[in-house]
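**Q** Quick one: the structure is below, questions incoming.
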Amino acid sequence: MIRLWHKAAMLLAAALPGTALAQSTQCSVPAALPRPHADLPTPRQPRRVIPIGSYTLALTWSPQYCRGKGARDDRFQCGQGNRFGFTLHGLWPDGEGKTWPQYCKPVALLPQAVVRKHLCATPSVQLLQHEYAKHGSCMGVTPAAYFARSNALYGRLRFPDMDALSRRPSLTAGQLAQAIARANPGITANMMRITATRDGWLDEVWLCLDKRLRYRACPAHQGGLTANAPLRIWRGHR
């Protein structure tokens with residue numbers, strides 16, 4: 001089954017000049033998918049059942065991911081003719097303080113229909129399994145409901161021209177956050193955190209939400225780059 005999203009992205013972008021979905025520009029889901037393996041708590045990542053205080057929607061900049069480990073290990077995301085911009089890492093329940101719930105209950109392997117439906121947003125079968133096992137298990141919803149919720153948030157986001165930003169002679173994390181905020185009315189720069197690799201390349205964008213999944217200012221302890229931190233964007237081989 002072929003899913004080509006670039007045409008829809010162009011139509012949506014026309015409503016707000018200079019912006020686009022910047023998510024999947026081309027995604028082809030193969031007929032046969034690998035089977036995930038169980039994702040279980042470990043001594044380093046133990047089961048932790050605590051009340052949910054807020055949420056984080058985490059997005060990965062796929063060109064940077066595929067520049068590193070992903071280029072070797074994830075052929076679907078980083079090869080096979082697929083092209084991605086921002087992908088959905090996951091929707092993470094946070095606690096009421098600095099600690100978060102995780103692996104709240106055992107889960108079965110994801111149904112293939114669920115994997116197939118959401119693979120163009122989160123282009124890794126095993127990551128989908130991990131996200132539901134670690135995070136979705138704490139939200140009291142089925143896999144289908146968990147991914148529908150996270151994909152609805154992800155699918156409404158718009159992004160600035162990442163290619164143009166990547167070509168700036170200087171760019172800061174705060175400037176990227178401001179550019180994303182301008183593309184999304186109702187979201188402000190302090191409602192997101194920008195993360196980078198050790199050598200300053202864009203890694204992820206984390207958006208902060210309250211318990212009702214409304215965007216809110218991020219707590220100070222959440223981390224991320226300071227607004228004036230220099231940032232580079234890897235755009236791939238273009």
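Within each chain, counting starts at residue 1; across the structure tokens, chains are named A, B, ... in the order shown, with ligands numbered 1 upward in that order.
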Quick one: residues within 7 Å of segment 180-186 of chain A, only C-alpha atoms counted, chain neighbours fewer than 6 positions away excluded, as a PyMOL selection string?
**A** chain A and resi 19+157-160
**Q** If you run DSSP on the backbone here, which positions in segment 9-237 of chain A get alpha helix (DSSP H)? Please write them as a ChimeraX atom specification.
**A** /A:9-13,62-67,69-73,75-78,112-118,125-134,143-156,162-166,173-183
**Q** Fewer than 3 positions away in the same chain doesn't count, so skip those; otherwise give me all residues within 10 Å of segment 64-66 of chain A, counting only C-alpha atoms, as a ChimeraX atom specification.
**A** /A:60-61,69-75,77-79,84-85,196-197,201-204,233-236
**Q** If we count only C-alpha atoms and set the cut-off at 10 Å, which residues sit around His130 of chain A, ignoring sequence neighbours fewer than 5 positions away in its own chain? Please answer as a PyMOL selection string.
**A** chain A and resi 36-40+90+103+109-110+124-125+135-136
**Q** DSSP on the backbone, strand (DSSP E or B) only: what residues of segment 55-234 of chain A does that give? Format it as a PyMOL selection string.
**A** chain A and resi 55-61+83-84+86-94+102+159-160+172+192-196+201-209+215+230+232
**Q** Name the closest residue to Trp100 of chain A among the candidates A:Thr172, A:Gln45, A:Gln129, A:Asn151; distances are taken between atoms, counting only C-alpha atoms.
**A**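 Closest to Trp100 of chain A of all the choices is A:Gln45.
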**Q** Excluding same-chain residues fewer than 5 positions from segment 50-58 of chain A, what lies within 10 Å of it counting only C-alpha atoms, as a VMD selection string?
**A** chain A and resid 86 to 97 99 to 102 104 138 to 139 150 to 151 153 to 154 192 to 194 204 to 216 218 222
**Q** Residues within 12 Å of Ala32 of chain A, please, as a list in words. Count only C-alpha atoms; anything in the same chain fewer than 5 positions from it doesn't count.
**A**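 Residues near the query, excluding close chain neighbours: Met1, Phe76, Gln112, Ala113, Val115, Arg116 and Val125 of chain A.
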**Q** Please write the residues from the selection above to a file, keeping N, CA and C atoms, as a compact mmCIF listing (two decimals), in the first residue's frame.
**A**
# COMPACT_ATOMS: atom_id res chain seq x y z
N MET A 1 0.85 -1.19 0.00
CA MET A 1 0.00 0.00 0.00
C MET A 1 0.88 1.24 0.00
N PHE A 76 13.52 0.92 6.71
CA PHE A 76 12.23 1.48 6.32
C PHE A 76 12.26 3.00 6.43
N GLN A 112 -1.16 -6.05 13.89
CA GLN A 112 -0.53 -5.57 12.66
C GLN A 112 -1.33 -4.44 12.04
N ALA A 113 -2.64 -4.45 12.18
CA ALA A 113 -3.45 -3.38 11.60
C ALA A 113 -3.11 -2.03 12.22
N VAL A 115 -0.17 -1.24 13.65
CA VAL A 115 1.18 -0.91 13.17
C VAL A 115 1.11 -0.33 11.76
N ARG A 116 0.38 -1.00 10.90
CA ARG A 116 0.31 -0.56 9.50
C ARG A 116 -0.31 0.83 9.39
N VAL A 125 8.51 -0.37 13.45
CA VAL A 125 7.60 -1.30 14.12
C VAL A 125 7.97 -1.46 15.59
**Q** Kindly give the distance, in Å, that separates atom CA of Leu165 of chain A and atom CA of Pro230 of chain A, rounded to a single decimal.
**A** 12.5 Å
**Q** Compile the contact shell of Gln178 of chain A as a list in words: residues with an atom at most 8 Å away, counting only C-alpha atoms, same-chain residues fewer than 4 positions apart removed.
**A** Gly174, Arg182, Thr188 and Ala189 of chain A
